[in-house]
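Below is the file protein.txt, which contains compact mmCIF, C-alpha atoms.
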```txt
# COMPACT_ATOMS: atom_id res chain seq x y z
CA GLN M 1 87.33 89.09 72.22
CA SER M 2 88.13 88.23 68.61
CA ALA M 3 88.16 91.93 67.73
CA ALA M 4 90.15 92.86 70.84
CA LYS M 5 92.85 90.37 69.89
CA PHE M 6 93.94 92.69 67.10
CA ALA M 7 93.56 95.95 69.01
CA SER M 8 95.77 98.83 67.89
CA GLN M 9 95.87 102.61 67.92
CA GLN M 10 93.76 102.64 64.75
CA ASN M 11 90.82 100.48 65.90
CA ILE M 12 90.78 100.99 69.68
CA SER M 13 87.91 103.50 69.35
CA SER M 14 85.86 100.93 67.40
CA ILE M 15 86.42 98.35 70.12
CA ARG M 16 85.23 100.81 72.75
CA PHE M 17 82.12 101.46 70.68
CA MET M 18 81.41 97.72 70.58
CA GLN M 19 81.86 97.58 74.35
CA ASP M 20 79.29 100.35 74.82
CA CYS M 21 76.85 98.52 72.55
CA LEU M 22 77.33 95.30 74.50
CA VAL M 23 76.66 97.12 77.76
CA GLU M 24 73.33 98.33 76.37
CA VAL M 25 72.45 94.81 75.23
CA PHE M 26 73.11 93.40 78.69
CA CYS M 27 70.98 96.13 80.23
CA MET M 28 67.95 94.83 78.36
CA LYS M 29 67.93 91.71 80.58
CA PRO M 30 69.34 92.73 83.96
CA ASP M 31 68.17 89.50 85.63
CA SER M 32 70.49 87.35 83.52
CA MET M 33 73.34 89.87 83.57
CA TYR M 34 74.77 88.72 86.91
CA LYS M 35 75.40 85.20 85.63
CA HIS M 36 77.39 86.39 82.61
CA VAL M 37 79.42 88.93 84.60
CA PHE M 38 80.20 86.32 87.26
CA ASN M 39 81.54 83.93 84.62
CA PHE M 40 83.62 86.69 83.00
CA VAL M 41 85.22 87.72 86.29
CA LYS M 42 85.84 84.08 87.20
CA GLU M 43 87.55 83.39 83.87
CA VAL M 44 89.90 86.37 84.18
CA ALA M 45 90.62 85.49 87.81
CA LEU M 46 91.63 81.98 86.75
CA PHE M 47 94.06 83.44 84.20
CA VAL M 48 95.64 85.62 86.87
CA ARG M 49 95.80 82.76 89.38
CA ASN M 50 97.49 80.43 86.89
CA SER M 51 100.03 83.13 86.11
CA LEU M 52 100.87 83.45 89.81
CA ILE M 53 101.14 79.68 90.23
CA TYR M 54 103.06 78.61 87.13
CA LYS M 55 104.93 81.87 86.40
CA THR M 56 105.61 81.05 82.77
CA GLN M 57 105.82 83.40 79.84
CA GLU M 58 102.79 81.78 78.21
CA HIS M 59 100.58 82.41 81.25
CA TYR M 60 101.83 85.99 81.62
CA TYR M 61 101.07 86.75 77.99
CA ARG M 62 97.59 85.31 78.39
CA VAL M 63 96.81 87.94 81.03
CA TYR M 64 98.76 90.79 79.45
CA SER M 65 96.78 90.68 76.23
CA TRP M 66 94.14 92.91 74.70
CA GLU M 67 91.50 90.21 75.15
CA VAL M 68 91.83 90.35 78.94
CA ILE M 69 92.29 94.12 79.14
CA CYS M 70 89.22 94.79 76.99
CA SER M 71 87.27 92.28 79.08
CA LEU M 72 88.20 94.21 82.22
CA ASP M 73 87.07 97.45 80.57
CA LEU M 74 83.74 95.85 79.66
CA LEU M 75 83.24 94.54 83.18
CA GLU M 76 84.11 97.96 84.59
CA SER M 77 81.46 99.59 82.38
CA LEU M 78 78.81 97.06 83.39
CA ILE M 79 79.47 97.26 87.12
CA SER M 80 79.78 101.05 87.03
CA LYS M 81 76.30 101.26 85.55
CA HIS M 82 74.58 98.48 87.49
CA GLY M 83 76.65 98.12 90.66
CA SER M 84 76.76 101.56 92.24
CA GLY M 85 73.82 101.04 94.58
CA GLU M 86 73.58 98.58 97.44
CA LYS M 87 70.56 96.90 95.86
CA ASP M 88 71.92 96.84 92.30
CA VAL M 89 72.25 93.45 90.69
CA LEU M 90 76.01 93.72 90.05
CA GLN M 91 77.01 95.32 93.34
CA PRO M 92 78.38 92.00 94.78
CA MET M 93 80.78 91.74 91.83
CA LEU M 94 82.48 95.07 92.58
CA TYR M 95 85.00 93.73 95.10
CA PRO M 96 86.07 90.65 93.06
CA LEU M 97 86.60 92.75 89.95
CA VAL M 98 88.74 95.31 91.81
CA GLN M 99 90.87 92.52 93.25
CA VAL M 100 91.44 90.99 89.83
CA MET M 101 92.32 94.36 88.30
CA MET M 102 94.77 95.20 91.07
CA MET M 103 96.46 91.82 90.71
CA THR M 104 96.71 92.41 86.97
CA VAL M 105 98.55 95.69 87.57
CA THR M 106 101.18 94.07 89.81
CA LEU M 107 101.49 90.74 87.99
CA VAL M 108 104.64 91.64 86.00
CA PRO M 109 106.53 94.53 87.68
CA SER M 110 108.24 95.69 84.51
CA SER M 111 108.56 99.26 83.26
CA ARG M 112 107.89 98.09 79.71
CA TYR M 113 104.26 97.46 80.69
CA LEU M 114 103.63 100.99 81.93
CA PRO M 115 100.91 101.65 79.28
CA LEU M 116 99.02 98.56 80.49
CA ARG M 117 99.52 99.65 84.09
CA PHE M 118 98.15 103.13 83.43
CA HIS M 119 95.27 101.73 81.37
CA VAL M 120 94.04 99.41 84.14
CA LEU M 121 94.54 102.06 86.83
CA LYS M 122 92.39 104.49 84.86
CA SER M 123 89.67 101.83 84.66
CA ILE M 124 89.79 101.37 88.44
CA LEU M 125 89.59 105.14 88.95
CA ARG M 126 86.50 105.31 86.72
CA LEU M 127 84.95 102.45 88.66
CA SER M 128 85.67 104.16 91.97
CA LYS M 129 84.24 107.46 90.76
CA LYS M 130 81.02 106.02 89.30
CA THR M 131 80.29 103.75 92.24
CA SER M 132 81.44 106.25 94.93
CA VAL M 133 83.49 103.50 96.57
CA PHE M 134 86.94 104.27 97.94
CA ILE M 135 89.64 102.05 96.41
CA PRO M 136 93.19 102.47 97.82
CA LEU M 137 95.21 103.14 94.68
CA SER M 138 97.83 105.66 95.78
CA SER M 139 100.53 103.05 96.42
CA LEU M 140 99.89 101.27 93.11
CA ILE M 141 100.11 104.55 91.22
CA ILE M 142 103.22 105.97 92.84
CA ASP M 143 105.05 102.63 92.53
CA ALA M 144 105.46 103.50 88.85
CA LEU M 145 108.31 105.81 89.95
CA ASN M 146 110.31 102.93 91.43
CA PHE M 147 111.70 101.57 88.17
CA SER M 148 115.42 102.02 87.60
CA GLU M 149 115.17 103.75 84.20
CA LEU M 150 114.27 107.05 85.86
CA SER M 151 117.55 107.06 87.78
CA LYS M 152 119.71 106.49 84.70
CA LYS M 153 120.90 108.90 82.07
CA PRO M 154 118.40 109.06 79.19
CA GLN M 155 119.52 107.90 75.77
CA GLY M 156 118.28 110.48 73.29
CA VAL M 157 115.38 112.92 73.18
CA GLY M 158 112.84 110.71 71.44
CA ASN M 159 109.37 111.48 70.13
CA HIS M 160 106.00 111.75 71.82
CA PHE M 161 104.65 108.30 72.75
CA ASN M 162 100.98 107.49 72.19
CA PHE M 163 99.67 105.39 75.09
CA MET M 164 96.35 104.69 73.38
CA GLY M 165 96.16 101.25 71.84
CA THR M 166 99.51 100.19 73.34
CA LEU M 167 100.29 97.79 76.17
CA LYS M 168 104.08 97.51 75.95
CA VAL M 169 106.87 100.03 75.41
CA PRO M 170 109.87 99.26 73.17
CA LYS M 171 113.17 99.21 75.04
CA ASP M 172 114.69 102.03 72.98
CA VAL M 173 111.68 104.27 73.66
CA LEU M 174 111.71 103.50 77.38
CA LYS M 175 115.05 105.25 77.93
CA THR M 176 114.30 108.47 76.01
CA THR M 177 113.77 111.84 77.66
CA SER M 178 110.39 112.40 76.03
CA PHE M 179 108.89 109.15 77.26
CA GLN M 180 110.21 109.57 80.79
CA GLU M 181 108.62 113.02 80.97
CA GLN M 182 105.30 111.49 79.91
CA TRP M 183 105.90 108.68 82.40
CA VAL M 184 106.15 111.04 85.37
CA SER M 185 103.36 113.31 84.08
CA GLN M 186 100.95 110.38 83.79
CA THR M 187 101.85 109.22 87.30
CA VAL M 188 101.26 112.66 88.82
CA LEU M 189 98.02 112.99 86.84
CA LEU M 190 96.65 109.70 88.19
CA LEU M 191 97.66 110.64 91.74
CA ALA M 192 95.93 113.99 91.36
CA GLU M 193 92.79 112.37 89.94
CA HIS M 194 92.63 109.89 92.79
CA CYS M 195 93.10 112.56 95.47
CA SER M 196 90.79 115.03 93.71
CA GLN M 197 87.94 112.54 93.89
CA TRP M 198 88.19 112.40 97.70
CA SER M 199 89.46 115.93 98.44
CA HIS M 200 85.99 116.96 99.70
CA HIS M 201 85.68 113.97 102.00
CA ILE M 202 85.89 114.63 105.71
CA ALA M 203 88.64 111.98 106.05
CA PHE M 204 90.87 113.43 103.33
CA PRO M 205 93.67 114.51 105.76
CA GLU M 206 94.07 110.90 106.95
CA LEU M 207 93.92 109.65 103.35
CA PHE M 208 96.61 112.02 102.14
CA LEU M 209 99.01 111.67 105.10
CA PRO M 210 100.74 108.38 104.10
CA LEU M 211 100.85 109.45 100.46
CA GLY M 212 102.41 112.78 101.40
CA ILE M 213 105.11 111.02 103.43
CA LYS M 214 105.91 108.78 100.47
CA VAL M 215 106.08 111.71 98.06
CA LYS M 216 108.49 113.50 100.40
CA GLY M 217 110.69 110.40 100.32
CA TYR M 218 110.89 110.56 96.53
CA MET M 219 111.74 114.26 96.67
CA LYS M 220 114.63 113.62 99.07
CA SER M 221 116.06 110.71 97.07
CA ASP M 222 118.58 111.02 94.27
CA SER M 223 116.71 108.71 91.89
CA LEU M 224 114.63 111.46 90.26
CA ALA M 225 115.68 114.51 88.30
CA LYS M 226 114.92 118.01 89.55
CA LYS M 227 112.16 118.69 87.03
CA PHE M 228 110.37 115.51 88.11
CA LYS M 229 110.73 116.47 91.76
CA ALA M 230 109.17 119.84 90.90
CA GLN M 231 106.02 118.11 89.64
CA LEU M 232 105.80 116.05 92.82
CA ALA M 233 106.35 119.20 94.90
CA GLN M 234 103.38 120.91 93.23
CA PHE M 235 101.20 117.87 93.90
CA LEU M 236 102.37 117.72 97.52
CA GLU M 237 101.65 121.42 98.06
CA ALA M 238 98.12 121.12 96.65
CA GLY M 239 97.41 118.08 98.83
CA GLN M 240 98.73 119.73 101.99
CA ILE M 241 96.64 122.86 101.40
CA ALA M 242 93.52 120.77 100.80
CA ALA M 243 94.19 118.69 103.93
CA GLU M 244 94.74 121.78 106.10
CA SER M 245 91.56 123.35 104.76
CA MET M 246 89.57 120.24 105.62
CA LEU M 247 91.07 120.15 109.13
CA GLN M 248 89.91 123.72 109.72
CA LYS M 249 86.39 122.83 108.57
CA ARG M 250 86.34 119.79 110.83
CA GLN M 251 87.18 121.87 113.88
CA VAL M 252 83.90 123.78 113.65
CA ALA M 253 81.81 120.65 112.98
CA THR M 254 79.24 119.85 115.65
CA PHE M 255 78.64 116.17 114.84
CA SER M 256 80.54 113.00 115.71
CA PRO M 257 82.14 110.51 113.28
CA LYS M 258 79.27 108.04 113.80
CA ASP M 259 76.67 110.44 112.34
CA ALA M 260 76.73 109.14 108.78
CA GLN M 261 73.92 111.36 107.51
CA LYS M 262 75.50 114.54 108.83
CA ILE M 263 78.86 113.54 107.36
CA GLU M 264 77.23 113.02 103.97
CA LEU M 265 75.58 116.43 104.27
CA PHE M 266 78.92 117.97 105.23
CA ILE M 267 80.59 116.48 102.12
CA ASN M 268 77.81 117.68 99.80
CA GLU M 269 77.95 121.20 101.20
CA ASP M 270 81.72 121.31 100.80
CA MET M 271 81.42 120.24 97.16
CA LYS M 272 78.88 123.00 96.51
CA LYS M 273 81.31 125.62 97.80
CA GLY M 274 83.60 125.11 94.84
CA ALA M 275 86.72 123.32 93.72
CA SER M 276 89.32 122.31 96.28
CA PRO M 277 93.05 123.03 95.80
CA MET M 278 93.52 119.42 94.68
CA ASP M 279 90.67 119.79 92.17
CA LYS M 280 92.36 122.84 90.69
CA PHE M 281 95.72 121.08 90.50
CA TYR M 282 94.16 118.08 88.79
CA GLN M 283 92.38 120.22 86.21
CA ALA M 284 95.57 122.19 85.51
CA THR M 285 97.64 119.01 85.16
CA LEU M 286 95.03 117.37 82.91
CA LYS M 287 94.90 120.46 80.72
CA GLN M 288 98.69 120.50 80.41
CA VAL M 289 98.88 116.79 79.49
CA MET M 290 96.10 117.15 76.92
CA LYS M 291 97.87 120.18 75.47
CA GLN M 292 101.07 118.20 75.07
CA ASP M 293 99.23 115.32 73.41
CA LYS M 294 97.42 117.67 71.04
CA MET M 295 100.57 119.52 70.04
CA SER M 296 102.50 116.30 69.53
CA SER M 297 99.76 114.71 67.43
CA SER M 298 99.44 117.80 65.21
CA SER M 299 103.18 118.40 64.86
CA ASP M 300 105.42 117.10 62.12
CA VAL M 301 108.95 116.76 63.43
CA LEU M 302 111.32 115.20 60.90
CA LEU M 303 114.94 114.16 61.32
CA ALA M 304 117.14 114.93 58.32
CA GLY M 305 120.89 114.50 58.52
CA ASP M 306 122.33 116.37 61.43
CA ARG M 307 119.43 118.78 61.86
CA MET M 308 115.76 118.60 62.87
CA ARG M 309 113.11 120.24 60.70
CA VAL M 310 110.07 121.40 62.63
CA SER M 311 106.83 122.19 60.82
CA ASN M 312 105.06 125.54 60.97
CA LYS M 313 102.60 124.10 63.50
CA LEU M 314 105.41 124.18 66.06
CA ALA M 315 106.93 127.45 64.97
CA ASN M 316 106.11 129.00 68.32
CA ALA M 317 106.80 125.88 70.34
CA LYS M 318 109.72 127.54 72.09
CA ASP M 319 107.23 129.79 73.85
CA VAL M 320 105.56 126.79 75.46
CA PRO M 321 107.25 125.80 78.77
CA GLU M 322 106.76 122.09 78.12
CA TYR M 323 108.66 122.29 74.84
CA SER M 324 111.35 124.85 75.54
CA GLY M 325 114.67 123.14 75.05
CA ALA M 326 113.07 119.82 74.15
CA ILE M 327 114.32 119.91 70.56
CA LEU M 328 118.06 120.44 70.43
CA ASP M 329 120.29 121.09 67.49
CA LYS M 330 122.67 118.18 67.03
CA GLU M 331 125.51 120.39 65.79
CA LYS M 332 125.33 122.54 68.91
CA ARG M 333 125.59 119.48 71.07
CA LYS M 334 128.71 118.44 69.20
CA ARG M 335 130.35 121.86 69.63
CA SER M 336 129.57 122.02 73.33
CA LYS M 337 132.08 120.67 75.80
CA ALA M 338 129.88 117.81 76.92
CA PRO M 339 127.87 119.66 79.58
CA ARG M 340 126.35 117.56 82.25
CA ASP M 341 122.86 116.38 81.40
CA SER M 342 120.18 118.52 83.04
CA ARG M 343 118.35 115.34 84.00
CA LEU M 344 121.13 114.50 86.42
CA GLU M 345 121.55 117.87 88.13
CA GLY M 346 121.69 117.47 91.85
CA THR M 347 121.92 113.70 91.67
CA GLU M 348 124.80 111.35 92.28
CA GLU M 349 126.47 109.29 89.58
CA VAL M 350 124.46 106.18 88.80
CA HIS M 351 126.08 102.89 87.84
CA ASN M 352 125.12 101.46 84.49
CA ASP M 353 123.81 98.20 85.87
CA GLU M 354 121.22 96.08 84.18
CA ASP M 355 117.55 96.91 84.74
CA ARG M 356 116.40 96.05 88.19
CA VAL M 357 113.22 94.43 86.92
CA GLU M 358 113.35 92.02 83.99
CA ASP M 359 110.34 91.40 81.76
CA PHE M 360 110.29 87.65 82.32
CA GLU M 361 113.07 86.13 84.35
CA MET M 362 112.15 82.59 83.43
CA SER M 363 112.68 82.97 79.67
CA ASP M 364 115.27 84.50 77.36
CA SER M 365 113.04 84.78 74.32
CA GLU M 366 111.85 88.22 75.37
CA SER M 367 115.14 89.80 74.33
CA GLU M 368 114.94 88.32 70.84
CA GLU M 369 111.79 90.22 69.95
```
Translate this structure into structure tokens?
Amino acid sequence: QSAAKFASQQNISSIRFMQDCLVEVFCMKPDSMYKHVFNFVKEVALFVRNSLIYKTQEHYYRVYSWEVICSLDLLESLISKHGSGEKDVLQPMLYPLVQVMMMTVTLVPSSRYLPLRFHVLKSILRLSKKTSVFIPLSSLIIDALNFSELSKKPQGVGNHFNFMGTLKVPKDVLKTTSFQEQWVSQTVLLLAEHCSQWSHHIAFPELFLPLGIKVKGYMKSDSLAKKFKAQLAQFLEAGQIAAESMLQKRQVATFSPKDAQKIELFINEDMKKGASPMDKFYQATLKQVMKQDKMSSSSDVLLAGDRMRVSNKLANAKDVPEYSGAILDKEKRKRSKAPRDSRLEGTEEVHNDEDRVEDFEMSDSESEE
């Protein structure tokens, strides 16, 4: 925890290496591992409970710190390795840990803590995948699109934001076009990963139905821009095709829902047949997000005066769909007759009210940072 207290983008990989080493050390004495994990989960749960009871800035910061987040990652690694089976020593700690992690995600409903939200959700998805236990995460993931910043006009283009080693977003970065594009892309990616994991399950149509209805609601609302609705439409189409395919396979099944062994055999055979439409969409979305991160990390975009100088590494960036039109010449924007922002096409005018969700309503010191 002393090392995690000073976590940053530079040393986050070293902290993860120490976590892996600690997991191996615990594995040497599995009999005593349960006691330590129980105390860790209990300690974090007490932090979360005190935050819900007292609702002070001090208690919130105690939970939303790298010490707690790294502790949750360590617990996730331990339970993923020694809690997947019914007879594993850490299997009873799976449910308490998931409850603590889900409460951590929803503790402070502020858009500035989106990196922390995505970080914990990814940990829960890894835990669900390694233990083969279904965890209902679709509502927690898609709730990231409810924040008011997405419905307001962005203030500037901005640069690529690195989520690694970051728990909180600066206010000026939160309202930029670049960050909001990453915001929606990460949300769609997590939704696709969650659905891809269960797209071969026989109950996938029932799992996807409420999520599909919610996604349609976002597509009909005026709070999202057209390009964001297009990403949701692609996700919805992939999910509907996968659900319809599973319904057709279920119609020719000769067993009943109570035959657990035959259902398991049905799922394994479906996985052997190849990737589902949702699997393909997830892999394509992941590849696109990784491509954006790689290009942004290797690029050297400098602002000088009224113009932007782009390095040779992005000389052909205009040919990439994700970057076409992302870097605009400032002089051209001045000459233009103030065209309407493309982010607001097809949407109604939005009032410039204050953010719907404040960081901490009980204290004013947050704004002085």
List as a list in words the protein and nucleic acid residues near Met33 (chain M), meaning an atom at most 12 Å away when all atoms listed in the file are counted, but skip any in the same chain fewer than 2 places from it. Leu22, Val23, Glu24, Val25, Phe26, Cys27, Met28, Lys29, Pro30, Asp31, Lys35, His36, Val37, Phe38, Asn39, Phe40, Leu75, Leu78, Ile79, Lys81, His82, Gly83, Asp88, Val89, Leu90, Gln91 and Met93 of chain M
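Between Leu72 (chain M) and the residues M:Ser221, M:Gln180, M:Gln251, M:Gln19, the shortest atom-to-atom distance, using all atoms listed in the file, involves M:Gln19.
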Calculate how many Å separate CA of Phe179 (chain M) from CA of Gly158 (chain M), rounding to one decimal. 7.2 Å
Excluding Leu52 (chain M) and its own-chain neighbours fewer than 5 positions away, which residues fall within 10 Å of it when counting all atoms listed in the file? Please give them as a ChimeraX atom specification. /M:46-47,59-60,103,107-108
Counting all atoms listed in the file, what is within 9 Å of Ile12 (chain M), bar same-chain residues fewer than 5 positions away, as a list in words?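 Neighbouring residues, sequence-local ones excluded: Ala4, Ala7, Phe17, Met164 and Gly165 of chain M.
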Which centre and edge lengths in Å to one decimal define the box along x, y and z that fits every listed atom of region 90-106 of chain M plus 6 Å per side, as lines of an AutoDock Vina configuration file?
```
center_x = 88.6
center_y = 93.2
center_z = 91.0
size_x = 37.2
size_y = 17.0
size_z = 20.1
```
So which one's closest to Tyr113 (chain M), M:Ile141, M:Leu74, M:Leu150, M:Leu167? Using all atoms listed in the file, please.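 Using all atoms listed in the file, the shortest distance to Tyr113 (chain M) belongs to M:Leu167.
Counting from CA of Glu149 (chain M), the distance to CA of Gln283 (chain M) is 28.2 Å.
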Counting all atoms listed in the file, closest pick from M:Gln57, M:Ser128, M:Ser296, M:Asn50 relative to Ser80 (chain M) is M:Ser128
Among the residues M:Ala203, M:Leu211, M:Ala225, M:Ala233, the one that comes closest to Ser139 (chain M) [using all atoms listed in the file]: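 Residue with the minimum atom-to-atom distance to Ser139 (chain M): M:Leu211.
Checking M:Val289, M:Met18, M:Val133, M:Met278 one by one against Ser185 (chain M), counting all atoms listed in the file, you find the shortest gap at M:Val289.
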By how many Å are CA of Tyr34 (chain M) and CA of Val98 (chain M) apart?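 The value is 16.2 Å.
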Counting all atoms listed in the file, closest pick from M:Leu114, M:Met290, M:Ile124, M:Met219 relative to Lys171 (chain M) is M:Leu114
Would you mind completing region 27-45 of chain M to N, CA and C atoms and writing the output as an mmCIF file, in the frame of the given file?
```cif
data_model
loop_
_atom_site.group_PDB
_atom_site.id
_atom_site.type_symbol
_atom_site.label_atom_id
_atom_site.label_comp_id
_atom_site.auth_asym_id
_atom_site.auth_seq_id
_atom_site.Cartn_x
_atom_site.Cartn_y
_atom_site.Cartn_z
ATOM 1 N N CYS M 27 71.936 95.388 79.400
ATOM 2 C CA CYS M 27 70.980 96.130 80.230
ATOM 3 C C CYS M 27 69.532 95.781 79.892
ATOM 4 N N MET M 28 69.302 95.198 78.736
ATOM 5 C CA MET M 28 67.950 94.830 78.360
ATOM 6 C C MET M 28 67.416 93.672 79.203
ATOM 7 N N LYS M 29 68.326 92.826 79.714
ATOM 8 C CA LYS M 29 67.930 91.710 80.580
ATOM 9 C C LYS M 29 68.795 91.717 81.840
ATOM 10 N N PRO M 30 68.493 92.614 82.756
ATOM 11 C CA PRO M 30 69.340 92.730 83.960
ATOM 12 C C PRO M 30 69.311 91.485 84.844
ATOM 13 N N ASP M 31 68.251 90.686 84.766
ATOM 14 C CA ASP M 31 68.170 89.500 85.630
ATOM 15 C C ASP M 31 69.231 88.459 85.259
ATOM 16 N N SER M 32 69.497 88.336 83.968
ATOM 17 C CA SER M 32 70.490 87.350 83.520
ATOM 18 C C SER M 32 71.897 87.923 83.427
ATOM 19 N N MET M 33 72.041 89.215 83.712
ATOM 20 C CA MET M 33 73.340 89.870 83.570
ATOM 21 C C MET M 33 74.332 89.379 84.624
ATOM 22 N N TYR M 34 73.871 89.117 85.830
ATOM 23 C CA TYR M 34 74.770 88.720 86.910
ATOM 24 C C TYR M 34 75.501 87.427 86.561
ATOM 25 N N LYS M 35 74.799 86.484 85.959
ATOM 26 C CA LYS M 35 75.400 85.200 85.630
ATOM 27 C C LYS M 35 76.547 85.370 84.636
ATOM 28 N N HIS M 36 76.346 86.188 83.620
ATOM 29 C CA HIS M 36 77.390 86.390 82.610
ATOM 30 C C HIS M 36 78.590 87.133 83.213
ATOM 31 N N VAL M 37 78.333 88.162 83.995
ATOM 32 C CA VAL M 37 79.420 88.930 84.600
ATOM 33 C C VAL M 37 80.210 88.053 85.571
ATOM 34 N N PHE M 38 79.518 87.220 86.332
ATOM 35 C CA PHE M 38 80.200 86.320 87.260
ATOM 36 C C PHE M 38 81.151 85.379 86.506
ATOM 37 N N ASN M 39 80.693 84.835 85.398
ATOM 38 C CA ASN M 39 81.540 83.930 84.620
ATOM 39 C C ASN M 39 82.728 84.661 84.005
ATOM 40 N N PHE M 40 82.520 85.905 83.565
ATOM 41 C CA PHE M 40 83.620 86.690 83.000
ATOM 42 C C PHE M 40 84.698 86.957 84.043
ATOM 43 N N VAL M 41 84.267 87.412 85.212
ATOM 44 C CA VAL M 41 85.220 87.720 86.290
ATOM 45 C C VAL M 41 85.948 86.447 86.723
ATOM 46 N N LYS M 42 85.231 85.348 86.802
ATOM 47 C CA LYS M 42 85.840 84.080 87.200
ATOM 48 C C LYS M 42 86.890 83.625 86.191
ATOM 49 N N GLU M 43 86.603 83.801 84.904
ATOM 50 C CA GLU M 43 87.550 83.390 83.870
ATOM 51 C C GLU M 43 88.838 84.200 83.937
ATOM 52 N N VAL M 44 88.709 85.522 84.078
ATOM 53 C CA VAL M 44 89.900 86.370 84.180
ATOM 54 C C VAL M 44 90.669 86.061 85.455
ATOM 55 N N ALA M 45 89.958 85.813 86.540
ATOM 56 C CA ALA M 45 90.620 85.490 87.810
ATOM 57 C C ALA M 45 91.412 84.190 87.703
#
```
